[in-house]
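Dumped model37.cif below, it's mmCIF, C-alpha atoms:
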data_start
#
loop_
_atom_site.group_PDB
_atom_site.id
_atom_site.type_symbol
_atom_site.label_atom_id
_atom_site.label_comp_id
_atom_site.auth_asym_id
_atom_site.auth_seq_id
_atom_site.Cartn_x
_atom_site.Cartn_y
_atom_site.Cartn_z
ATOM 1 C CA MET A 1 14.076 47.593 9.700
ATOM 2 C CA SER A 2 16.213 47.117 12.756
ATOM 3 C CA SER A 3 16.952 50.006 15.058
ATOM 4 C CA PRO A 4 20.561 50.556 16.114
ATOM 5 C CA LYS A 5 19.607 49.277 19.564
ATOM 6 C CA ASP A 6 18.492 45.953 18.183
ATOM 7 C CA LEU A 7 21.236 43.503 18.986
ATOM 8 C CA ARG A 8 19.701 40.628 17.047
ATOM 9 C CA SER A 9 21.365 39.730 13.779
ATOM 10 C CA PRO A 10 19.326 39.767 10.544
ATOM 11 C CA LEU A 11 19.571 35.965 10.432
ATOM 12 C CA SER A 12 18.186 35.655 13.950
ATOM 13 C CA ARG A 13 15.196 37.803 13.008
ATOM 14 C CA ALA A 14 14.597 35.878 9.801
ATOM 15 C CA ARG A 15 14.378 32.616 11.704
ATOM 16 C CA GLY A 16 10.799 31.937 12.623
ATOM 17 C CA LEU A 17 9.535 33.867 9.617
ATOM 18 C CA GLY A 18 8.607 32.661 6.156
ATOM 19 C CA SER A 19 10.191 29.475 4.974
ATOM 20 C CA ALA A 20 12.353 29.351 8.113
ATOM 21 C CA LYS A 21 9.246 28.355 10.113
ATOM 22 C CA GLU A 22 8.327 24.768 10.826
ATOM 23 C CA GLY A 23 6.638 24.026 7.499
ATOM 24 C CA VAL A 24 8.573 20.849 6.765
ATOM 25 C CA ARG A 25 7.739 19.299 10.110
ATOM 26 C CA HIS A 26 4.058 20.169 9.630
ATOM 27 C CA PHE A 27 4.062 18.708 6.114
ATOM 28 C CA TRP A 28 5.717 15.496 7.284
ATOM 29 C CA ALA A 29 3.511 15.080 10.381
ATOM 30 C CA GLN A 30 0.400 15.528 8.213
ATOM 31 C CA ARG A 31 1.581 12.753 5.863
ATOM 32 C CA VAL A 32 2.641 10.370 8.635
ATOM 33 C CA SER A 33 -0.704 10.763 10.437
ATOM 34 C CA ALA A 34 -2.495 10.341 7.073
ATOM 35 C CA VAL A 35 -0.732 7.030 6.431
ATOM 36 C CA ALA A 36 -1.568 5.826 9.951
ATOM 37 C CA LEU A 37 -5.209 6.802 9.463
ATOM 38 C CA ILE A 38 -5.670 4.653 6.335
ATOM 39 C CA PRO A 39 -5.876 1.302 8.201
ATOM 40 C CA LEU A 40 -7.444 2.886 11.300
ATOM 41 C CA ALA A 41 -10.250 4.558 9.334
ATOM 42 C CA LEU A 42 -10.920 1.431 7.257
ATOM 43 C CA TRP A 43 -11.076 -0.672 10.433
ATOM 44 C CA PHE A 44 -13.446 1.830 12.046
ATOM 45 C CA VAL A 45 -15.815 2.021 9.058
ATOM 46 C CA PHE A 46 -15.815 -1.787 8.782
ATOM 47 C CA SER A 47 -16.596 -2.127 12.494
ATOM 48 C CA VAL A 48 -19.394 0.440 12.436
ATOM 49 C CA VAL A 49 -20.974 -1.306 9.437
ATOM 50 C CA GLN A 50 -20.727 -4.668 11.214
ATOM 51 C CA GLY A 51 -22.118 -3.329 14.463
ATOM 52 C CA SER A 52 -24.856 -1.135 13.019
ATOM 53 C CA GLY A 53 -28.145 -1.612 14.788
ATOM 54 C CA ALA A 54 -26.517 -3.219 17.824
ATOM 55 C CA GLY A 55 -27.728 -1.845 21.135
ATOM 56 C CA TYR A 56 -26.080 -0.343 24.180
ATOM 57 C CA GLY A 57 -24.762 -3.597 25.654
ATOM 58 C CA ALA A 58 -23.199 -4.837 22.422
ATOM 59 C CA ALA A 59 -21.587 -1.456 21.749
ATOM 60 C CA ARG A 60 -20.112 -1.325 25.268
ATOM 61 C CA ASN A 61 -18.764 -4.861 25.002
ATOM 62 C CA TRP A 62 -17.204 -3.975 21.675
ATOM 63 C CA VAL A 63 -15.409 -0.884 23.050
ATOM 64 C CA ALA A 64 -14.323 -2.820 26.160
ATOM 65 C CA ALA A 65 -12.495 -5.524 24.178
ATOM 66 C CA PRO A 66 -8.759 -4.808 24.713
ATOM 67 C CA ALA A 67 -7.793 -4.755 21.023
ATOM 68 C CA VAL A 68 -10.704 -2.430 20.227
ATOM 69 C CA SER A 69 -9.904 -0.070 23.130
ATOM 70 C CA VAL A 70 -6.293 0.229 21.978
ATOM 71 C CA LEU A 71 -7.294 0.828 18.346
ATOM 72 C CA LEU A 72 -9.938 3.384 19.365
ATOM 73 C CA VAL A 73 -7.444 5.378 21.451
ATOM 74 C CA LEU A 74 -4.977 5.222 18.543
ATOM 75 C CA LEU A 75 -7.721 6.356 16.158
ATOM 76 C CA ILE A 76 -8.755 9.257 18.398
ATOM 77 C CA VAL A 77 -5.173 10.482 18.918
ATOM 78 C CA THR A 78 -4.213 10.175 15.235
ATOM 79 C CA LEU A 79 -7.506 11.582 13.946
ATOM 80 C CA LEU A 80 -7.453 14.632 16.216
ATOM 81 C CA TYR A 81 -3.767 15.254 15.482
ATOM 82 C CA HIS A 82 -4.370 15.035 11.716
ATOM 83 C CA SER A 83 -7.435 17.261 12.122
ATOM 84 C CA LEU A 84 -5.433 19.813 14.134
ATOM 85 C CA LEU A 85 -2.799 20.028 11.385
ATOM 86 C CA GLY A 86 -5.431 20.321 8.643
ATOM 87 C CA VAL A 87 -7.557 22.933 10.402
ATOM 88 C CA GLN A 88 -4.396 24.923 11.111
ATOM 89 C CA VAL A 89 -3.704 25.197 7.368
ATOM 90 C CA VAL A 90 -7.311 26.226 6.664
ATOM 91 C CA ILE A 91 -7.145 28.939 9.361
ATOM 92 C CA GLU A 92 -3.783 30.193 8.094
ATOM 93 C CA ASP A 93 -5.189 30.385 4.560
ATOM 94 C CA TYR A 94 -8.525 32.045 5.248
ATOM 95 C CA VAL A 95 -8.338 33.998 8.523
ATOM 96 C CA GLY A 96 -6.882 37.448 7.948
ATOM 97 C CA GLY A 97 -5.049 39.544 10.532
ATOM 98 C CA GLU A 98 -2.446 38.209 12.940
ATOM 99 C CA LYS A 99 -4.572 38.673 16.066
ATOM 100 C CA LYS A 100 -7.640 36.980 14.627
ATOM 101 C CA LYS A 101 -5.475 34.216 13.199
ATOM 102 C CA LEU A 102 -3.740 33.620 16.529
ATOM 103 C CA ALA A 103 -7.092 33.545 18.338
ATOM 104 C CA ALA A 104 -8.521 31.042 15.840
ATOM 105 C CA LEU A 105 -5.414 28.843 16.065
ATOM 106 C CA LEU A 106 -5.547 28.859 19.880
ATOM 107 C CA LEU A 107 -9.248 28.033 19.862
ATOM 108 C CA SER A 108 -8.611 25.188 17.426
ATOM 109 C CA LYS A 109 -5.754 23.796 19.550
ATOM 110 C CA PHE A 110 -7.768 23.924 22.791
ATOM 111 C CA THR A 111 -10.843 22.384 21.151
ATOM 112 C CA HIS A 112 -8.823 19.563 19.594
ATOM 113 C CA ALA A 113 -7.160 18.842 22.950
ATOM 114 C CA LEU A 114 -10.550 18.804 24.679
ATOM 115 C CA VAL A 115 -12.117 16.451 22.140
ATOM 116 C CA ALA A 116 -9.099 14.103 22.194
ATOM 117 C CA VAL A 117 -8.951 13.927 25.994
ATOM 118 C CA ALA A 118 -12.718 13.422 26.255
ATOM 119 C CA GLY A 119 -12.590 10.601 23.712
ATOM 120 C CA ILE A 120 -9.670 8.830 25.383
ATOM 121 C CA PHE A 121 -11.350 9.230 28.784
ATOM 122 C CA ALA A 122 -14.611 7.711 27.503
ATOM 123 C CA VAL A 123 -12.817 4.700 25.992
ATOM 124 C CA LEU A 124 -10.740 4.103 29.131
ATOM 125 C CA ARG A 125 -13.763 4.453 31.374
ATOM 126 C CA ILE A 126 -15.598 1.770 29.398
ATOM 127 C CA ALA A 127 -12.494 -0.414 29.015
ATOM 128 C CA LEU A 128 -11.524 -0.261 32.687
ATOM 129 C CA GLY A 129 -15.110 -0.748 33.792
ATOM 130 C CA ALA A 130 -15.528 2.312 36.006
ATOM 131 C CA MET B 1 -21.299 34.048 -9.193
ATOM 132 C CA LEU B 2 -17.868 32.490 -9.556
ATOM 133 C CA GLY B 3 -18.985 30.251 -12.427
ATOM 134 C CA ARG B 4 -19.285 33.254 -14.748
ATOM 135 C CA TYR B 5 -15.639 34.177 -14.368
ATOM 136 C CA TYR B 6 -13.991 30.932 -13.495
ATOM 137 C CA ARG B 7 -14.244 27.693 -15.408
ATOM 138 C CA PHE B 8 -14.392 24.869 -12.896
ATOM 139 C CA GLN B 9 -12.101 21.919 -13.478
ATOM 140 C CA LEU B 10 -12.372 18.499 -11.899
ATOM 141 C CA THR B 11 -8.937 18.835 -10.312
ATOM 142 C CA SER B 12 -9.642 22.118 -8.509
ATOM 143 C CA VAL B 13 -13.112 21.030 -7.408
ATOM 144 C CA LEU B 14 -11.697 17.805 -5.930
ATOM 145 C CA SER B 15 -8.942 19.756 -4.211
ATOM 146 C CA PHE B 16 -11.508 22.068 -2.636
ATOM 147 C CA ALA B 17 -13.694 19.097 -1.725
ATOM 148 C CA HIS B 18 -10.711 17.569 0.075
ATOM 149 C CA ARG B 19 -10.594 20.624 2.341
ATOM 150 C CA VAL B 20 -14.326 20.827 2.861
ATOM 151 C CA THR B 21 -14.616 17.130 3.722
ATOM 152 C CA GLY B 22 -11.571 17.491 5.981
ATOM 153 C CA VAL B 23 -13.203 20.264 8.001
ATOM 154 C CA GLY B 24 -16.462 18.289 8.018
ATOM 155 C CA LEU B 25 -14.636 15.258 9.368
ATOM 156 C CA SER B 26 -13.064 17.393 12.089
ATOM 157 C CA LEU B 27 -16.619 18.134 13.206
ATOM 158 C CA GLY B 28 -17.406 14.442 12.760
ATOM 159 C CA SER B 29 -14.684 13.565 15.271
ATOM 160 C CA VAL B 30 -16.767 15.452 17.845
ATOM 161 C CA LEU B 31 -19.702 13.177 16.975
ATOM 162 C CA LEU B 32 -17.522 10.096 17.503
ATOM 163 C CA VAL B 33 -16.404 11.368 20.907
ATOM 164 C CA VAL B 34 -19.947 12.343 21.945
ATOM 165 C CA TRP B 35 -21.031 8.814 20.989
ATOM 166 C CA LEU B 36 -18.258 7.356 23.185
ATOM 167 C CA LEU B 37 -19.139 9.694 26.073
ATOM 168 C CA ALA B 38 -22.818 8.730 25.811
ATOM 169 C CA LEU B 39 -21.795 5.075 25.778
ATOM 170 C CA ALA B 40 -19.614 5.618 28.858
ATOM 171 C CA SER B 41 -22.380 7.529 30.674
ATOM 172 C CA GLY B 42 -24.896 4.682 30.721
ATOM 173 C CA PRO B 43 -27.974 3.272 28.979
ATOM 174 C CA TRP B 44 -30.167 6.351 29.401
ATOM 175 C CA ALA B 45 -27.650 8.803 27.930
ATOM 176 C CA TYR B 46 -26.896 6.363 25.107
ATOM 177 C CA GLU B 47 -30.598 6.060 24.322
ATOM 178 C CA GLN B 48 -30.951 9.849 24.019
ATOM 179 C CA PHE B 49 -28.032 9.977 21.622
ATOM 180 C CA ALA B 50 -29.106 6.939 19.583
ATOM 181 C CA LYS B 51 -32.573 8.460 19.175
ATOM 182 C CA HIS B 52 -31.131 11.479 17.369
ATOM 183 C CA LEU B 53 -28.733 9.348 15.356
ATOM 184 C CA SER B 54 -31.475 7.065 14.033
ATOM 185 C CA ALA B 55 -33.828 9.960 13.229
ATOM 186 C CA TRP B 56 -33.946 11.122 9.589
ATOM 187 C CA TYR B 57 -31.612 14.065 10.193
ATOM 188 C CA GLY B 58 -29.160 11.836 12.078
ATOM 189 C CA GLN B 59 -29.117 9.351 9.217
ATOM 190 C CA CYS B 60 -28.616 12.162 6.680
ATOM 191 C CA LEU B 61 -25.653 13.456 8.704
ATOM 192 C CA LEU B 62 -24.223 9.931 8.958
ATOM 193 C CA LEU B 63 -24.602 9.434 5.203
ATOM 194 C CA GLY B 64 -22.794 12.711 4.557
ATOM 195 C CA TRP B 65 -20.072 11.883 7.043
ATOM 196 C CA SER B 66 -19.500 8.388 5.704
ATOM 197 C CA TRP B 67 -19.097 9.720 2.168
ATOM 198 C CA ALA B 68 -16.850 12.542 3.411
ATOM 199 C CA LEU B 69 -14.659 10.029 5.243
ATOM 200 C CA LEU B 70 -14.377 7.670 2.280
ATOM 201 C CA TYR B 71 -13.798 10.534 -0.166
ATOM 202 C CA HIS B 72 -11.106 12.112 2.028
ATOM 203 C CA LEU B 73 -9.537 8.665 2.425
ATOM 204 C CA CYS B 74 -9.476 7.918 -1.333
ATOM 205 C CA ASN B 75 -8.342 11.410 -2.313
ATOM 206 C CA GLY B 76 -5.813 11.364 0.529
ATOM 207 C CA ILE B 77 -4.232 8.259 -0.996
ATOM 208 C CA ARG B 78 -4.153 10.166 -4.331
ATOM 209 C CA HIS B 79 -2.347 13.003 -2.552
ATOM 210 C CA LEU B 80 0.140 10.585 -0.976
ATOM 211 C CA ALA B 81 0.881 9.151 -4.443
ATOM 212 C CA TRP B 82 1.577 12.695 -5.674
ATOM 213 C CA ASP B 83 3.871 13.253 -2.684
ATOM 214 C CA LEU B 84 5.826 10.205 -3.829
ATOM 215 C CA GLY B 85 6.020 11.711 -7.311
ATOM 216 C CA TYR B 86 3.474 9.500 -9.075
ATOM 217 C CA GLY B 87 0.582 10.529 -11.312
ATOM 218 C CA PHE B 88 1.435 14.201 -11.725
ATOM 219 C CA ASP B 89 0.755 14.515 -15.467
ATOM 220 C CA LEU B 90 -2.590 16.018 -16.398
ATOM 221 C CA LYS B 91 -4.101 12.907 -17.941
ATOM 222 C CA THR B 92 -3.317 10.729 -14.921
ATOM 223 C CA ALA B 93 -4.472 13.458 -12.517
ATOM 224 C CA TYR B 94 -7.865 13.506 -14.237
ATOM 225 C CA ARG B 95 -8.094 9.719 -14.352
ATOM 226 C CA SER B 96 -7.251 9.331 -10.677
ATOM 227 C CA GLY B 97 -9.700 12.147 -9.939
ATOM 228 C CA TYR B 98 -12.577 10.312 -11.591
ATOM 229 C CA ALA B 99 -11.440 7.086 -9.916
ATOM 230 C CA VAL B 100 -11.596 8.779 -6.494
ATOM 231 C CA VAL B 101 -15.128 10.096 -7.118
ATOM 232 C CA VAL B 102 -16.382 6.694 -8.296
ATOM 233 C CA ALA B 103 -14.563 4.760 -5.547
ATOM 234 C CA SER B 104 -15.888 7.002 -2.773
ATOM 235 C CA LEU B 105 -19.472 6.692 -4.045
ATOM 236 C CA VAL B 106 -19.224 2.915 -4.531
ATOM 237 C CA LEU B 107 -17.641 2.375 -1.102
ATOM 238 C CA THR B 108 -20.317 4.528 0.563
ATOM 239 C CA ALA B 109 -23.062 2.585 -1.215
ATOM 240 C CA VAL B 110 -21.505 -0.768 -0.249
ATOM 241 C CA ALA B 111 -21.061 0.286 3.388
ATOM 242 C CA TRP B 112 -24.691 1.426 3.670
ATOM 243 C CA ALA B 113 -26.011 -1.614 1.837
ATOM 244 C CA LEU B 114 -24.128 -3.932 4.193
ATOM 245 C CA ALA B 115 -25.253 -1.934 7.232
ATOM 246 C CA CYS B 116 -28.893 -1.957 6.125
ATOM 247 C CA LEU B 117 -28.822 -5.682 5.336
ATOM 248 C CA ARG B 118 -27.777 -6.477 8.885
#

What does this structure look like when you write it as structure tokens?
Amino acid sequence: MSSPKDLRSPLSRARGLGSAKEGVRHFWAQRVSAVALIPLALWFVFSVVQGSGAGYGAARNWVAAPAVSVLLVLLIVTLLYHSLLGVQVVIEDYVGGEKKKLAALLLSKFTHALVAVAGIFAVLRIALGA
Amino acid sequence: MLGRYYRFQLTSVLSFAHRVTGVGLSLGSVLLVVWLLALASGPWAYEQFAKHLSAWYGQCLLLGWSWALLYHLCNGIRHLAWDLGYGFDLKTAYRSGYAVVVASLVLTAVAWALACLR
């Protein structure tokens, strides 16, 4: 409970705990990214099937096509964002202890950022011909 | 094990599979990015990567990932329908569950058949 020195009101302390956290935003963001991933994932699977067995040159030309570069960057951003939200829920459900949980969440965030940036960089490097 | 104390139902197994495939696909996103990085690095790097991908273990991983992606996609649409308030009664939940399993297997088979025929 609050000590007499604590100047924060009970409401102020309750905010950021329990259902006053950002659950709704997380729920909504997960659904919005899921909807966006339906066409992106279908396009990607279709493209991989079509291009299977193609060599280095054909694959590079494919990535370098402007429409494909744009869709790939969109796919990477949406996929990694959706993955971040999903992995966060799994960590919150299964990792016990606040410290361990925080460490796992941080690791997940940093890893997702790294993978997303690396993917975008690779696409841009091919697309811009560096 | 769990089976002695807990009777598995299609709905709970599919729900768990949604999580497992989701985490698997998170790892799969790393594969996609490594593929792009290898492609950006040049022919030699790409060759090294392609060698592993076309080996038996690479193909097994790809098969697993393609099914995981298509399953998560189909079951994700089922989840979105629930979010909109459709298909919540038990009978429909089971029907859509079986539909998701069949659809994901059929789509995986079609994708691999088309890829192999090329």

Could you name the residues that touch Leu79 in chain A at 12 Å or less, counting only C-alpha atoms, but leaving out those on the same chain fewer than 3 positions away, as a PyMOL selection string? (chain A and resi 30+32-41+44+71-76+82-87+112-113+115-116+119-120) or (chain B and resi 22-23+25-30+32-33+69)

Determine, using all atoms listed in the file, which residues of chain B have any atom at most 9 Å from an atom of chain A, and tabulate each with its shortest atom pair and distance in Å to one decimal place, rows ordered by chain and then rising number, as a tab-separated table.
residue	atom	partner	partner_atom	distance
B:Arg19	CA	A:Val90	CA	7.8
B:Gly22	CA	A:Gly86	CA	7.3
B:Val23	CA	A:Val87	CA	6.7
B:Leu25	CA	A:Ser83	CA	8.0
B:Ser26	CA	A:Ser83	CA	5.6
B:Ser29	CA	A:Leu80	CA	7.4
B:Val30	CA	A:Val115	CA	6.4
B:Leu32	CA	A:Gly119	CA	7.9
B:Val33	CA	A:Gly119	CA	4.8
B:Val34	CA	A:Gly119	CA	7.8
B:Leu36	CA	A:Ala122	CA	5.7
B:Leu37	CA	A:Ala122	CA	5.1
B:Ala38	CA	A:Ala122	CA	8.4
B:Leu39	CA	A:Arg60	CA	6.6
B:Ala40	CA	A:Ile126	CA	5.6
B:Ser41	CA	A:Ala122	CA	8.4
B:Gly42	CA	A:Tyr56	CA	8.3
B:Pro43	CA	A:Tyr56	CA	6.3
B:Tyr46	CA	A:Tyr56	CA	6.8
B:Glu47	CA	A:Tyr56	CA	7.8
B:Ser66	CA	A:Val45	CA	8.1
B:Leu69	CA	A:Ala41	CA	8.1
B:Leu70	CA	A:Leu42	CA	8.7
B:Leu73	CA	A:Ile38	CA	6.8
B:Gly76	CA	A:Ala34	CA	7.4
B:Ile77	CA	A:Ile38	CA	8.3
B:Leu80	CA	A:Arg31	CA	7.3
B:Asp83	CA	A:Arg31	CA	8.9
B:Ala111	CA	A:Val49	CA	6.3
B:Trp112	CA	A:Val49	CA	7.4
B:Leu114	CA	A:Val49	CA	6.7
B:Ala115	CA	A:Val49	CA	4.9
B:Cys116	CA	A:Ser52	CA	8.0
B:Arg118	CA	A:Ser52	CA	7.4

Any chance you could export the current selection's C-alpha atoms as a compact mmCIF listing (two decimals), in the coordinates of the input?
# COMPACT_ATOMS: atom_id res chain seq x y z
CA ARG B 19 -10.59 20.62 2.34
CA GLY B 22 -11.57 17.49 5.98
CA VAL B 23 -13.20 20.26 8.00
CA LEU B 25 -14.64 15.26 9.37
CA SER B 26 -13.06 17.39 12.09
CA SER B 29 -14.68 13.56 15.27
CA VAL B 30 -16.77 15.45 17.84
CA LEU B 32 -17.52 10.10 17.50
CA VAL B 33 -16.40 11.37 20.91
CA VAL B 34 -19.95 12.34 21.94
CA LEU B 36 -18.26 7.36 23.18
CA LEU B 37 -19.14 9.69 26.07
CA ALA B 38 -22.82 8.73 25.81
CA LEU B 39 -21.80 5.08 25.78
CA ALA B 40 -19.61 5.62 28.86
CA SER B 41 -22.38 7.53 30.67
CA GLY B 42 -24.90 4.68 30.72
CA PRO B 43 -27.97 3.27 28.98
CA TYR B 46 -26.90 6.36 25.11
CA GLU B 47 -30.60 6.06 24.32
CA SER B 66 -19.50 8.39 5.70
CA LEU B 69 -14.66 10.03 5.24
CA LEU B 70 -14.38 7.67 2.28
CA LEU B 73 -9.54 8.66 2.42
CA GLY B 76 -5.81 11.36 0.53
CA ILE B 77 -4.23 8.26 -1.00
CA LEU B 80 0.14 10.58 -0.98
CA ASP B 83 3.87 13.25 -2.68
CA ALA B 111 -21.06 0.29 3.39
CA TRP B 112 -24.69 1.43 3.67
CA LEU B 114 -24.13 -3.93 4.19
CA ALA B 115 -25.25 -1.93 7.23
CA CYS B 116 -28.89 -1.96 6.12
CA ARG B 118 -27.78 -6.48 8.88

As a check of understanding: the span from CA of Ser96 in chain B to CA of Phe16 in chain B is 15.7 Å

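The spacing separating CA of Trp35 in chain B from CA of Ala103 in chain B amounts to 27.6 Å.
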
Rounded to one decimal, what separation in Å do you get between CA of Ser15 in chain B and CA of Asn75 in chain B?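 Between these atoms lies a distance of 8.6 Å.
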
I'd like the box whose edges run along x, y and z of the file and which contains every listed atom of range 60-63 of chain B, padded by 5 Å per side; could you state its centre and edge lengths in Å, one decimal, as JSON?
{"center_x": -26.4, "center_y": 11.4, "center_z": 7.1, "size_x": 14.4, "size_y": 14.0, "size_z": 13.8}

| query | Neighbours of Phe88 in chain B within 12 Å (only C-alpha atoms; same-chain residues fewer than 6 positions away dropped), as a ChimeraX atom specification? | reply | /B:11,78-82,94-97
